[in-house]
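One file, protein-v2.cif, carrying mmCIF, C-alpha atoms:
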data_start
loop_
_atom_site.label_atom_id
_atom_site.label_comp_id
_atom_site.auth_asym_id
_atom_site.auth_seq_id
_atom_site.Cartn_x
_atom_site.Cartn_y
_atom_site.Cartn_z
CA MET U 1 129.98 123.20 74.28
CA SER U 2 129.21 121.75 77.72
CA LEU U 3 125.95 120.15 78.75
CA GLY U 4 125.41 122.95 81.23
CA ALA U 5 125.41 125.46 78.38
CA LEU U 6 122.35 123.78 76.93
CA GLY U 7 119.39 125.62 78.35
CA ASP U 8 116.79 122.96 77.88
CA ALA U 9 116.47 120.21 80.48
CA GLY U 10 115.01 117.78 77.93
CA VAL U 11 117.95 118.21 75.58
CA ARG U 12 120.42 117.92 78.46
CA GLU U 13 118.83 114.61 79.33
CA LEU U 14 119.15 113.47 75.73
CA LEU U 15 122.83 114.26 75.70
CA ASP U 16 123.66 113.23 79.27
CA PRO U 17 125.49 109.88 79.37
CA ALA U 18 124.10 109.22 82.86
CA ALA U 19 120.46 109.85 81.95
CA PRO U 20 118.13 106.83 82.23
CA VAL U 21 117.04 107.26 78.63
CA ARG U 22 120.61 106.80 77.37
CA SER U 23 120.54 103.01 77.57
CA HIS U 24 117.54 102.94 75.23
CA TYR U 25 119.35 105.10 72.70
CA GLU U 26 122.43 102.93 73.02
CA GLU U 27 120.38 99.87 72.17
CA LEU U 28 118.89 101.70 69.20
CA ALA U 29 122.37 102.81 68.11
CA GLY U 30 123.68 99.27 68.41
CA ASN U 31 120.85 97.91 66.27
CA LEU U 32 121.25 100.64 63.67
CA LEU U 33 125.03 100.41 63.42
CA GLY U 34 124.66 96.64 63.20
CA ILE U 35 122.94 97.03 59.85
CA GLU U 36 125.55 97.05 57.16
CA GLY U 37 125.98 100.16 55.03
CA THR U 38 124.08 102.67 57.13
CA GLY U 39 126.35 105.70 56.91
CA ILE U 40 123.65 108.30 56.23
CA VAL U 41 120.21 107.63 57.63
CA VAL U 42 117.10 109.71 56.96
CA VAL U 43 114.95 110.04 60.09
CA THR U 44 111.29 110.68 59.36
CA SER U 45 107.87 110.10 60.88
CA PRO U 46 104.31 109.65 59.61
CA ASP U 47 103.08 112.89 61.21
CA PRO U 48 104.59 115.91 62.95
CA GLY U 49 105.12 115.52 66.68
CA ALA U 50 106.54 112.01 66.76
CA GLY U 51 109.89 113.24 68.08
CA ARG U 52 112.22 112.96 65.10
CA THR U 53 114.54 115.72 66.30
CA SER U 54 114.76 114.28 69.81
CA VAL U 55 115.46 110.82 68.45
CA CYS U 56 118.17 112.23 66.17
CA LEU U 57 119.87 114.02 69.08
CA GLY U 58 119.54 111.11 71.50
CA LEU U 59 120.74 108.64 68.94
CA GLY U 60 123.65 110.84 67.87
CA ALA U 61 124.65 111.32 71.50
CA ALA U 62 124.53 107.58 72.13
CA VAL U 63 126.73 106.91 69.10
CA ALA U 64 129.18 109.57 70.29
CA GLY U 65 129.07 108.06 73.77
CA MET U 66 130.13 104.74 72.28
CA GLY U 67 133.33 106.39 71.08
CA ARG U 68 132.13 106.80 67.50
CA ARG U 69 131.62 110.01 65.57
CA ALA U 70 128.14 111.09 64.60
CA ALA U 71 126.46 114.09 63.02
CA VAL U 72 122.87 115.28 63.01
CA VAL U 73 121.87 117.48 60.07
CA ASP U 74 118.60 119.38 60.04
CA CYS U 75 116.98 118.80 56.65
CA ASN U 76 113.61 120.04 57.79
CA LEU U 77 113.97 123.32 55.96
CA GLU U 78 110.33 124.33 56.25
CA ASN U 79 110.19 123.90 60.02
CA SER U 80 113.68 123.74 61.43
CA GLN U 81 113.86 122.69 65.08
CA LEU U 82 117.37 121.47 65.70
CA HIS U 83 119.02 124.84 66.37
CA ARG U 84 116.30 125.74 68.84
CA MET U 85 116.76 122.52 70.73
CA ILE U 86 120.47 123.06 71.17
CA GLY U 87 119.95 126.76 71.89
CA GLU U 88 122.01 128.06 68.98
CA PRO U 89 121.24 130.58 66.24
CA ASN U 90 120.48 129.36 62.75
CA PHE U 91 123.10 131.50 61.05
CA VAL U 92 125.18 128.60 59.82
CA GLY U 93 124.18 125.15 58.73
CA LEU U 94 123.33 123.08 55.69
CA THR U 95 122.41 125.98 53.43
CA SER U 96 125.47 128.04 54.30
CA GLY U 97 127.66 125.01 53.75
CA LEU U 98 126.14 124.48 50.31
CA GLU U 99 126.49 128.13 49.47
CA HIS U 100 130.15 128.34 50.40
CA SER U 101 131.00 124.87 49.10
CA LYS U 102 132.72 124.14 52.39
CA THR U 103 132.54 120.98 54.35
CA LEU U 104 129.60 120.84 56.75
CA GLU U 105 132.04 120.12 59.57
CA HIS U 106 132.58 123.87 59.68
CA HIS U 107 128.88 124.77 59.61
CA GLY U 108 127.64 123.10 62.74
CA TYR U 109 128.10 122.88 66.48
CA GLU U 110 130.02 120.14 68.26
CA VAL U 111 127.55 119.77 71.15
CA LEU U 112 129.41 116.75 72.55
CA PRO U 113 132.77 115.24 71.75
CA GLY U 114 132.00 113.22 68.65
CA LEU U 115 128.55 114.71 67.99
CA LEU U 116 128.22 117.46 65.39
CA VAL U 117 124.87 119.20 65.02
CA VAL U 118 124.29 121.01 61.72
CA PRO U 119 121.18 123.23 61.64
CA THR U 120 119.43 124.12 58.42
CA GLY U 121 121.13 127.48 58.18
CA PRO U 122 119.27 130.45 56.68
CA VAL U 123 116.52 129.41 54.28
CA LEU U 124 116.07 132.29 51.89
CA SER U 125 114.57 130.55 48.88
CA ASP U 126 112.25 127.63 48.17
CA PRO U 127 113.12 124.90 50.71
CA ALA U 128 112.18 122.10 48.32
CA SER U 129 114.56 123.34 45.65
CA ILE U 130 117.38 123.63 48.19
CA LEU U 131 116.90 120.01 49.24
CA GLU U 132 116.97 118.88 45.62
CA ASN U 133 120.23 120.68 45.01
CA GLU U 134 122.69 118.15 43.69
CA GLY U 135 125.22 119.53 46.14
CA VAL U 136 123.24 118.15 49.10
CA PRO U 137 124.11 114.45 48.67
CA LYS U 138 127.68 115.45 47.85
CA ALA U 139 128.05 117.60 50.97
CA LEU U 140 126.52 114.92 53.17
CA ARG U 141 128.73 112.20 51.71
CA HIS U 142 131.68 114.44 52.37
CA LEU U 143 130.54 114.83 55.97
CA GLN U 144 130.08 111.07 56.25
CA ALA U 145 133.71 110.57 55.38
CA SER U 146 134.63 111.88 58.81
CA ARG U 147 131.63 110.46 60.70
CA ASP U 148 130.52 106.90 61.48
CA LEU U 149 126.86 107.87 61.29
CA VAL U 150 125.10 110.90 59.79
CA LEU U 151 121.47 111.35 60.81
CA LEU U 152 119.26 113.56 58.67
CA ASP U 153 116.45 115.15 60.67
CA ALA U 154 114.02 115.04 57.76
CA PRO U 155 110.45 116.21 57.14
CA VAL U 156 107.50 113.86 57.63
CA ALA U 157 107.23 110.81 55.39
CA TRP U 158 105.31 112.43 52.54
CA GLY U 159 107.98 115.15 52.43
CA VAL U 160 110.66 112.49 52.16
CA LEU U 161 108.76 110.74 49.39
CA ARG U 162 108.42 114.08 47.59
CA SER U 163 112.18 114.58 47.69
CA PRO U 164 114.22 112.34 45.37
CA ASN U 165 117.35 113.25 47.32
CA LEU U 166 115.96 112.19 50.70
CA SER U 167 114.17 109.11 49.46
CA GLY U 168 116.81 107.77 47.16
CA SER U 169 120.24 109.25 47.69
CA PHE U 170 121.13 107.90 51.10
CA ASP U 171 121.50 104.59 52.87
CA GLY U 172 118.11 104.12 54.45
CA VAL U 173 115.19 105.55 56.35
CA LEU U 174 114.34 105.27 60.03
CA LEU U 175 110.65 105.78 60.82
CA VAL U 176 109.82 107.36 64.19
CA VAL U 177 106.34 106.73 65.59
CA HIS U 178 105.09 108.12 68.87
CA ALA U 179 103.30 105.70 71.15
CA SER U 180 100.47 108.06 71.98
CA ARG U 181 100.51 110.71 69.24
CA THR U 182 100.97 108.77 66.02
CA PRO U 183 97.77 107.12 64.76
CA LYS U 184 98.30 103.52 63.74
CA VAL U 185 96.61 104.07 60.40
CA ALA U 186 98.94 106.95 59.55
CA ALA U 187 101.99 104.91 60.57
CA ARG U 188 100.91 101.92 58.52
CA GLU U 189 100.25 104.10 55.48
CA ALA U 190 103.61 105.81 55.85
CA ALA U 191 105.45 102.47 56.08
CA ASP U 192 103.51 101.11 53.11
CA ASP U 193 104.17 104.23 51.04
CA LEU U 194 107.89 104.24 51.82
CA LEU U 195 108.27 100.58 50.93
CA ALA U 196 106.14 100.98 47.81
CA ALA U 197 108.44 103.80 46.70
CA GLY U 198 111.41 101.48 47.01
CA VAL U 199 112.86 103.22 50.05
CA ASN U 200 115.22 101.16 52.17
CA LEU U 201 113.18 101.25 55.37
CA LEU U 202 115.69 100.22 57.99
CA GLY U 203 113.24 100.02 60.86
CA VAL U 204 111.03 101.82 63.30
CA VAL U 205 111.69 103.70 66.52
CA LEU U 206 108.81 103.61 68.96
CA ASN U 207 109.10 106.89 70.83
CA GLY U 208 107.28 107.96 73.98
CA CYS U 209 106.65 104.49 75.38
CA THR U 210 105.16 104.34 78.84
CA MET G 1 112.95 95.67 74.13
CA THR G 2 113.39 95.73 70.38
CA SER G 3 113.21 93.43 67.41
CA SER G 4 115.73 90.64 67.44
CA SER G 5 116.04 90.55 63.68
CA GLY G 6 117.03 94.18 63.29
CA ARG G 7 115.83 94.16 59.71
CA PRO G 8 112.67 95.31 58.01
CA TRP G 9 109.85 92.88 57.70
CA ARG G 10 110.10 92.44 53.96
CA GLY G 11 108.34 90.13 51.59
CA GLY G 12 104.94 89.88 50.01
CA ALA G 13 102.98 89.25 53.16
CA ARG G 14 102.49 92.86 54.34
CA ASP G 15 98.74 92.77 53.76
CA ASP G 16 98.20 89.31 55.23
CA THR G 17 97.04 88.88 58.78
CA SER G 18 98.78 85.94 60.35
CA LEU G 19 97.48 83.67 63.07
CA SER G 20 100.09 85.02 65.45
CA GLU G 21 98.79 88.56 64.88
CA ILE G 22 95.23 87.46 65.61
CA LEU G 23 96.33 85.62 68.73
CA TYR G 24 98.30 88.66 69.83
CA VAL G 25 95.26 90.91 69.40
CA LEU G 26 93.01 88.44 71.24
CA GLY G 27 95.60 88.11 73.99
CA SER G 28 95.97 91.82 74.40
CA ARG G 29 92.20 92.25 74.63
CA ARG G 30 91.62 89.08 76.58
CA LEU G 31 89.35 90.75 79.12
CA LEU G 32 86.92 91.63 76.36
CA VAL G 33 87.06 88.16 74.78
CA VAL G 34 86.81 86.26 78.07
CA GLY G 35 84.02 88.58 79.19
CA ALA G 36 82.01 87.89 76.04
CA VAL G 37 82.54 84.14 76.46
CA LEU G 38 81.53 84.15 80.14
CA ILE G 39 78.48 86.36 79.67
CA LEU G 40 77.04 84.39 76.76
CA ALA G 41 77.87 81.02 78.32
CA GLY G 42 76.32 82.14 81.62
CA ILE G 43 73.13 83.29 79.94
CA ALA G 44 72.89 80.02 78.03
CA LEU G 45 73.55 78.00 81.17
CA LEU G 46 70.80 79.79 83.05
CA PHE G 47 68.46 79.41 80.11
CA GLY G 48 69.17 75.67 80.00
CA LEU G 49 68.75 75.23 83.74
CA PHE G 50 65.55 77.19 84.15
CA ARG G 51 63.66 76.37 80.99
CA GLU G 52 60.77 73.92 81.20
CA PRO G 53 62.05 70.32 80.97
CA VAL G 54 61.21 68.27 77.91
CA TYR G 55 60.72 64.50 78.02
CA VAL G 56 61.19 62.58 74.81
CA ALA G 57 59.68 59.14 74.13
CA GLU G 58 60.35 57.01 71.08
CA ALA G 59 58.31 54.21 69.43
CA ARG G 60 59.36 52.14 66.47
CA VAL G 61 57.11 50.67 63.79
CA SER G 62 58.32 48.07 61.33
CA VAL G 63 56.91 48.29 57.80
CA GLU G 64 57.90 45.74 55.17
CA PRO G 65 56.94 45.75 51.49
CA ARG G 66 55.58 42.58 49.95
CA GLY G 67 57.84 42.75 46.95
CA LYS G 68 61.60 43.13 47.02
CA LEU G 69 62.98 46.63 46.91
CA ASP G 70 66.71 46.47 46.37
CA SER G 71 68.00 49.89 47.20
CA GLU G 72 67.77 51.86 50.40
CA GLU G 73 66.48 54.84 48.45
CA ALA G 74 63.65 52.77 46.96
CA ARG G 75 62.60 51.51 50.37
CA LEU G 76 62.64 55.01 51.82
CA ALA G 77 60.52 56.25 48.94
CA PHE G 78 58.12 53.35 49.54
CA LEU G 79 57.87 54.26 53.24
CA GLU G 80 57.14 57.87 52.41
CA GLU G 81 54.36 56.73 50.10
CA VAL G 82 52.94 54.55 52.87
CA ARG G 83 53.14 57.40 55.36
CA GLY G 84 51.45 59.74 52.92
CA SER G 85 48.62 57.24 52.47
CA VAL G 86 48.15 56.42 56.15
CA VAL G 87 48.73 59.67 58.02
CA THR G 88 45.65 61.81 57.65
CA GLN G 89 44.10 64.56 59.69
CA LYS G 90 41.56 62.06 60.89
CA MET G 91 44.31 59.72 62.11
CA LEU G 92 46.06 62.53 63.94
CA ASP G 93 42.77 63.56 65.60
CA GLU G 94 42.37 59.98 66.73
CA VAL G 95 45.91 59.89 68.14
CA ARG G 96 45.38 63.12 70.08
CA ARG G 97 42.09 61.81 71.46
CA LYS G 98 43.50 58.46 72.53
CA ALA G 99 46.61 60.05 74.09
CA GLY G 100 44.52 62.58 75.97
CA TRP G 101 46.21 65.56 74.32
CA GLU G 102 44.65 68.77 75.63
CA SER G 103 46.68 71.48 73.98
CA THR G 104 46.42 72.77 70.41
CA PRO G 105 46.96 70.64 67.26
CA GLU G 106 49.71 73.01 66.21
CA GLU G 107 51.71 72.39 69.36
CA PHE G 108 51.09 68.68 68.93
CA SER G 109 52.61 68.85 65.44
CA GLU G 110 55.59 70.79 66.72
CA ARG G 111 56.37 68.15 69.33
CA LEU G 112 55.84 65.18 67.03
CA ASP G 113 58.81 63.96 65.00
CA PRO G 114 58.12 60.88 62.83
CA GLU G 115 61.02 59.71 60.68
CA THR G 116 61.26 56.90 58.16
CA PHE G 117 64.24 54.60 58.24
CA ALA G 118 65.61 51.83 56.01
CA GLY G 119 68.52 49.77 57.19
CA ARG G 120 70.99 48.18 54.80
CA ASN G 121 70.18 44.74 56.12
CA GLY G 122 66.50 44.90 55.34
CA GLY G 123 64.78 46.48 58.35
CA SER G 124 62.63 49.47 57.53
CA GLY G 125 59.83 51.43 59.11
CA LEU G 126 58.95 54.53 61.05
CA LEU G 127 60.55 56.03 64.12
CA ILE G 128 58.13 58.15 66.16
CA ARG G 129 59.45 60.64 68.68
CA PHE G 130 57.35 62.87 70.82
CA ALA G 131 58.52 65.57 73.24
CA GLY G 132 56.12 65.95 76.14
CA ASP G 133 55.91 68.02 79.26
CA GLU G 134 55.66 64.81 81.29
CA PRO G 135 57.25 61.40 80.70
CA GLY G 136 53.88 59.62 80.54
CA GLN G 137 52.42 62.06 78.08
CA ALA G 138 55.34 61.60 75.68
CA SER G 139 55.10 57.79 75.65
CA ARG G 140 51.27 57.84 75.40
CA VAL G 141 51.36 59.95 72.29
CA ALA G 142 54.21 57.99 70.65
CA ASN G 143 52.45 54.67 71.29
CA ALA G 144 49.06 55.98 70.17
CA TYR G 145 50.64 57.24 66.95
CA ALA G 146 52.41 53.89 66.39
CA GLN G 147 49.24 51.90 66.89
CA ALA G 148 47.20 54.21 64.69
CA PHE G 149 49.84 53.96 62.00
CA VAL G 150 49.86 50.15 62.08
CA ALA G 151 46.07 50.12 61.93
CA GLY G 152 46.18 52.49 58.96
CA VAL G 153 48.65 50.24 57.15
CA ASP G 154 46.44 47.24 57.83
CA ASP G 155 43.54 49.14 56.30
CA LEU G 156 45.52 49.58 53.10
CA GLY G 157 45.30 45.78 52.60
CA ASP G 158 46.62 44.65 49.24
CA ARG G 159 46.35 48.07 47.68
CA PRO G 160 49.59 48.84 45.83
CA VAL G 161 51.36 51.84 47.31
CA ALA G 162 54.50 52.64 45.39
CA ASP G 163 55.66 51.13 42.09
CA GLY G 164 52.81 48.70 42.44
CA VAL G 165 54.24 47.19 45.60
CA PRO G 166 51.71 46.53 48.39
CA VAL G 167 52.63 46.56 52.08
CA ALA G 168 53.19 43.10 53.46
CA GLU G 169 53.30 43.69 57.16
CA ALA G 170 53.37 46.50 59.71
CA SER G 171 53.82 46.06 63.41
CA VAL G 172 54.90 47.98 66.48
CA GLU G 173 58.47 46.84 66.85
CA GLN G 174 59.20 48.82 69.97
CA ARG G 175 56.78 50.55 72.27
CA ALA G 176 57.66 53.88 73.76
CA VAL G 177 58.46 53.96 77.42
CA PRO G 178 58.18 57.07 79.59
CA GLY G 179 60.97 59.26 78.29
CA GLY G 180 63.87 60.63 80.26
CA TYR G 181 64.64 64.27 80.75
CA ARG G 182 67.46 65.42 78.49
CA PRO G 183 69.25 68.22 80.22
CA ARG G 184 70.98 70.47 77.68
CA PRO G 185 72.36 73.40 79.67
CA LEU G 186 75.98 72.36 79.23
CA ILE G 187 75.55 71.96 75.50
CA TYR G 188 73.86 75.37 75.32
CA ALA G 189 76.67 76.86 77.40
CA ALA G 190 79.35 75.32 75.16
CA ILE G 191 77.67 76.62 72.01
CA ALA G 192 77.25 80.04 73.58
CA ALA G 193 80.89 80.06 74.68
CA GLY G 194 81.95 79.42 71.08
CA ALA G 195 79.68 82.21 69.90
CA GLY G 196 81.12 84.46 72.62
CA LEU G 197 84.64 83.69 71.46
CA LEU G 198 83.75 84.61 67.88
CA LEU G 199 81.88 87.73 68.92
CA GLY G 200 84.52 88.88 71.40
CA GLY G 201 87.27 88.15 68.90
CA ALA G 202 85.52 90.07 66.14
CA VAL G 203 84.96 93.08 68.42
CA ALA G 204 88.60 92.90 69.57
CA LEU G 205 89.84 92.93 65.97
CA VAL G 206 87.58 95.86 65.07
CA LEU G 207 88.74 97.83 68.12
CA GLU G 208 92.34 97.03 67.29
CA GLY G 209 91.88 98.35 63.77
CA ARG G 210 90.56 101.65 65.15
CA ALA G 211 93.03 102.00 68.01
CA SER G 212 95.38 104.98 67.99
CA GLY G 213 97.70 104.11 70.87
CA TRP G 214 100.60 101.68 70.68
CA ARG G 215 101.01 99.06 73.38
CA GLY G 216 104.65 98.31 72.76
CA VAL G 217 107.27 96.97 70.42
CA ARG G 218 105.37 93.82 69.49
CA ASP G 219 102.28 95.88 68.71
CA ALA G 220 104.32 98.20 66.48
CA GLU G 221 105.97 95.32 64.64
CA LEU G 222 102.68 93.55 64.00
CA THR G 223 100.98 96.75 62.88
CA LEU G 224 103.74 98.06 60.64
CA LYS G 225 105.36 94.75 59.68
CA VAL G 226 108.70 96.51 60.02
CA SER G 227 111.31 95.69 62.63
CA VAL G 228 111.44 97.98 65.63
CA LEU G 229 115.05 98.98 66.18
CA GLY G 230 114.46 100.81 69.42
CA SER G 231 111.87 101.98 71.90
CA ILE G 232 112.38 105.23 73.77
CA PRO G 233 110.52 105.90 76.99
CA ASP G 234 108.52 109.05 77.45
CA TYR G 235 111.21 110.82 79.44
CA SER G 236 110.21 114.40 78.59
CA PRO G 237 106.93 114.84 76.74
CA GLU G 238 107.40 118.50 75.98
CA ARG G 239 110.54 117.92 73.96
CA THR G 240 109.37 115.59 71.25
CA GLU G 241 108.62 118.05 68.52
CA GLY G 242 109.49 117.50 64.91
#
Structure re-expressed in structure tokens:
Amino acid sequence: MSLGALGDAGVRELLDPAAPVRSHYEELAGNLLGIEGTGIVVVTSPDPGAGRTSVCLGLGAAVAGMGRRAAVVDCNLENSQLHRMIGEPNFVGLTSGLEHSKTLEHHGYEVLPGLLVVPTGPVLSDPASILENEGVPKALRHLQASRDLVLLDAPVAWGVLRSPNLSGSFDGVLLVVHASRTPKVAAREAADDLLAAGVNLLGVVLNGCT
Amino acid sequence: MTSSSGRPWRGGARDDTSLSEILYVLGSRRLLVVGAVLILAGIALLFGLFREPVYVAEARVSVEPRGKLDSEEARLAFLEEVRGSVVTQKMLDEVRRKAGWESTPEEFSERLDPETFAGRNGGSGLLIRFAGDEPGQASRVANAYAQAFVAGVDDLGDRPVADGVPVAEASVEQRAVPGGYRPRPLIYAAIAAGAGLLLGGAVALVLEGRASGWRGVRDAELTLKVSVLGSIPDYSPERTEG
């Protein structure tokens, strides 16, 4: 898939190596990859609207641009956004990969060389029960075997805390806060709750800075 | 710009507010803090400059007991007894009359400040301060009070005052001279500046606690006590869903 095939200008900018925003994602990628043992990272936020999906795509693109291999998997089964952002249908993805017991490599879209985007896939039953499927960590670990970094575009923080798989099965959590949309109180509570639950909170991404 | 540590801000100090956080908040809202300091200090300065001047005069009366009182506390207690015996309404009326006091007795009492003293090396007595509208008025009242007090002590004669000890001698040790004006505007301004700093700082901290916007990486780190791994500029506001 070429950048020109992506219909959305915002997404093209996220994936464009020459875009001004790229250097910021490269710095974020460098900091994240510098933390030991961060193969699968859950990306969440205190509230909706902080830009988790954008951060996942921009970060994945920056990692791919550094010559590494990354994947972004949409785990936001109740409100999937990733397929819309890349302009693809949601016919294949995480759920179809689980259903067919195939590697997720074959259930996503290689939007850039080195960047695989895996949508949720069709969600026909209870999203929470799908996420708690024991096959989820297994499928994602399998995907990680061929990727330097797997980013999980996850629900908001309370959804992550509600999900034992998301809060405890992977290598850490990245908290996205938006500079003008995320209330400080909500962000502080989310960070406190994640740490209190024993989550490995890797750090924060401050999105939408002016 | 992102955190240099690259690791979460762990440890047991998440609920503590450090000095650096307070300084950061005060620094980021420095206009508010400096404004509060300048406004309060300015008001106090003007108040100090334009208020009616006060002239203070001071007279000193020496009072010695006939017997020996060893401790400082005992001598102070003796002096209080003497003062209680000598200072009467009649004496105060006499002082006001002699000093030519024309205002009310209540204002006279407010401006009068007699204080007993007992030095470690034996000297003891009464220090009389009076704050007048004019230098001459202040010294007239202080001296009239001192003389009336000495006369009252003389009238006590050999009568025992405290613990059976009579007064041996009372004299005006130092007469009051026309007092100098004590300008206080700078002191008022300094006190008001301190109050302004506290007030402005408190308001800044309250506003910070209620703020919804984030000023930058440092703000995020201090608020969340978690390292900021990256900051992304607002390149395309409409595409930050999720």
Which residues, named as in the file, does the PyMOL selection byres ((chain U) within 7 of (chain G)) pick out? Answer as a PDB file with C-alpha atoms, keeping the file's coordinate frame.
ATOM      1  CA  GLY U  10     115.010 117.780  77.930  1.00  0.00           C
ATOM      2  CA  VAL U  21     117.040 107.260  78.630  1.00  0.00           C
ATOM      3  CA  HIS U  24     117.540 102.940  75.230  1.00  0.00           C
ATOM      4  CA  GLU U  27     120.380  99.870  72.170  1.00  0.00           C
ATOM      5  CA  LEU U  28     118.890 101.700  69.200  1.00  0.00           C
ATOM      6  CA  ASN U  31     120.850  97.910  66.270  1.00  0.00           C
ATOM      7  CA  LEU U  32     121.250 100.640  63.670  1.00  0.00           C
ATOM      8  CA  PRO U  48     104.590 115.910  62.950  1.00  0.00           C
ATOM      9  CA  GLY U  49     105.120 115.520  66.680  1.00  0.00           C
ATOM     10  CA  ALA U  50     106.540 112.010  66.760  1.00  0.00           C
ATOM     11  CA  GLY U  51     109.890 113.240  68.080  1.00  0.00           C
ATOM     12  CA  ARG U  52     112.220 112.960  65.100  1.00  0.00           C
ATOM     13  CA  THR U  53     114.540 115.720  66.300  1.00  0.00           C
ATOM     14  CA  SER U  54     114.760 114.280  69.810  1.00  0.00           C
ATOM     15  CA  GLN U  81     113.860 122.690  65.080  1.00  0.00           C
ATOM     16  CA  ALA U 179     103.300 105.700  71.150  1.00  0.00           C
ATOM     17  CA  SER U 180     100.470 108.060  71.980  1.00  0.00           C
ATOM     18  CA  PRO U 183      97.770 107.120  64.760  1.00  0.00           C
ATOM     19  CA  LYS U 184      98.300 103.520  63.740  1.00  0.00           C
ATOM     20  CA  ARG U 188     100.910 101.920  58.520  1.00  0.00           C
ATOM     21  CA  ALA U 191     105.450 102.470  56.080  1.00  0.00           C
ATOM     22  CA  LEU U 201     113.180 101.250  55.370  1.00  0.00           C
ATOM     23  CA  LEU U 202     115.690 100.220  57.990  1.00  0.00           C
ATOM     24  CA  GLY U 203     113.240 100.020  60.860  1.00  0.00           C
ATOM     25  CA  VAL U 204     111.030 101.820  63.300  1.00  0.00           C
ATOM     26  CA  VAL U 205     111.690 103.700  66.520  1.00  0.00           C
ATOM     27  CA  LEU U 206     108.810 103.610  68.960  1.00  0.00           C
ATOM     28  CA  ASN U 207     109.100 106.890  70.830  1.00  0.00           C
ATOM     29  CA  GLY U 208     107.280 107.960  73.980  1.00  0.00           C
ATOM     30  CA  CYS U 209     106.650 104.490  75.380  1.00  0.00           C
ATOM     31  CA  THR U 210     105.160 104.340  78.840  1.00  0.00           C
TER      32      THR U 210
END
Problem - Shortest interatomic distance to G:Leu79 - which of G:Ala118, G:Met91, G:Ala189, G:Ile128, counting all atoms listed in the file - result: G:Ala118
Problem - Contacts of U:Leu151 within 6 Å, only C-alpha atoms, excl. fewer than 2 positions in-chain, as a ChimeraX atom specification - result: /U:40-41,72
Exercise for the section: Compile the contact shell of G:Val87 as a list in words: residues with an atom at most 12 Å away, counting only C-alpha atoms, same-chain residues fewer than 3 positions apart removed. Expected result: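 That gives Leu79, Glu80, Glu81, Val82, Arg83, Gly84, Lys90, Met91, Leu92, Asp93, Glu94, Val95, Pro114, Leu126, Tyr145, Ala146, Gln147, Ala148, Phe149, Val150, Ala151, Gly152, Val153, Asp155 and Leu156 of chain G.
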Exercise for the section: For the structure shown, which residues end up in the PyMOL selection byres ((chain U and resi 116-121) around 8)? Put them as a VMD selection string, please? Expected result: chain U and resid 70 to 77 80 82 to 83 90 to 96 104 to 105 107 to 112 114 to 115 122 to 123
Exercise for the section: Starting from the shown file, work through the PyMOL selection byres ((chain G and resi 32-49) around 7) and note down what comes out as a list in words. Expected result: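 Matching residues under the PyMOL selection byres ((chain G and resi 32-49) around 7) are Leu26, Arg29, Arg30, Leu31, Phe50, Arg51, Arg184, Pro185, Leu186, Tyr188, Ala189, Ala190, Ala192, Ala193, Gly196, Leu197, Gly200 and Gly201 of chain G.
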Practice task
Using all atoms listed in the file, pick whichever of G:Val167, G:Ala57, G:Val86, G:Leu23 has the shortest atom-to-atom distance to G:Pro135.
Solution key: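 Using all atoms listed in the file, the shortest distance to G:Pro135 belongs to G:Ala57.
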Exercise for the section: Please indicate the distance in Å from atom CA of U:Met85 to atom CA of U:Glu13, rounded to one decimal place. Expected result: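 So the answer is 11.9 Å.
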Exercise for the section: Rounded to one decimal place, report the atom CA of G:Gln89-atom CA of G:Arg66 distance in Å. Expected result: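 Computing the Euclidean distance for atom CA of G:Gln89 and atom CA of G:Arg66 yields 26.6 Å.
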Practice task
For atom CA of U:Ala62 and atom CA of U:Glu88, determine how far apart the two atoms are, in Å to one decimal place.
Solution key: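 We find that atom CA of U:Ala62 and atom CA of U:Glu88 lie 20.9 Å from each other.
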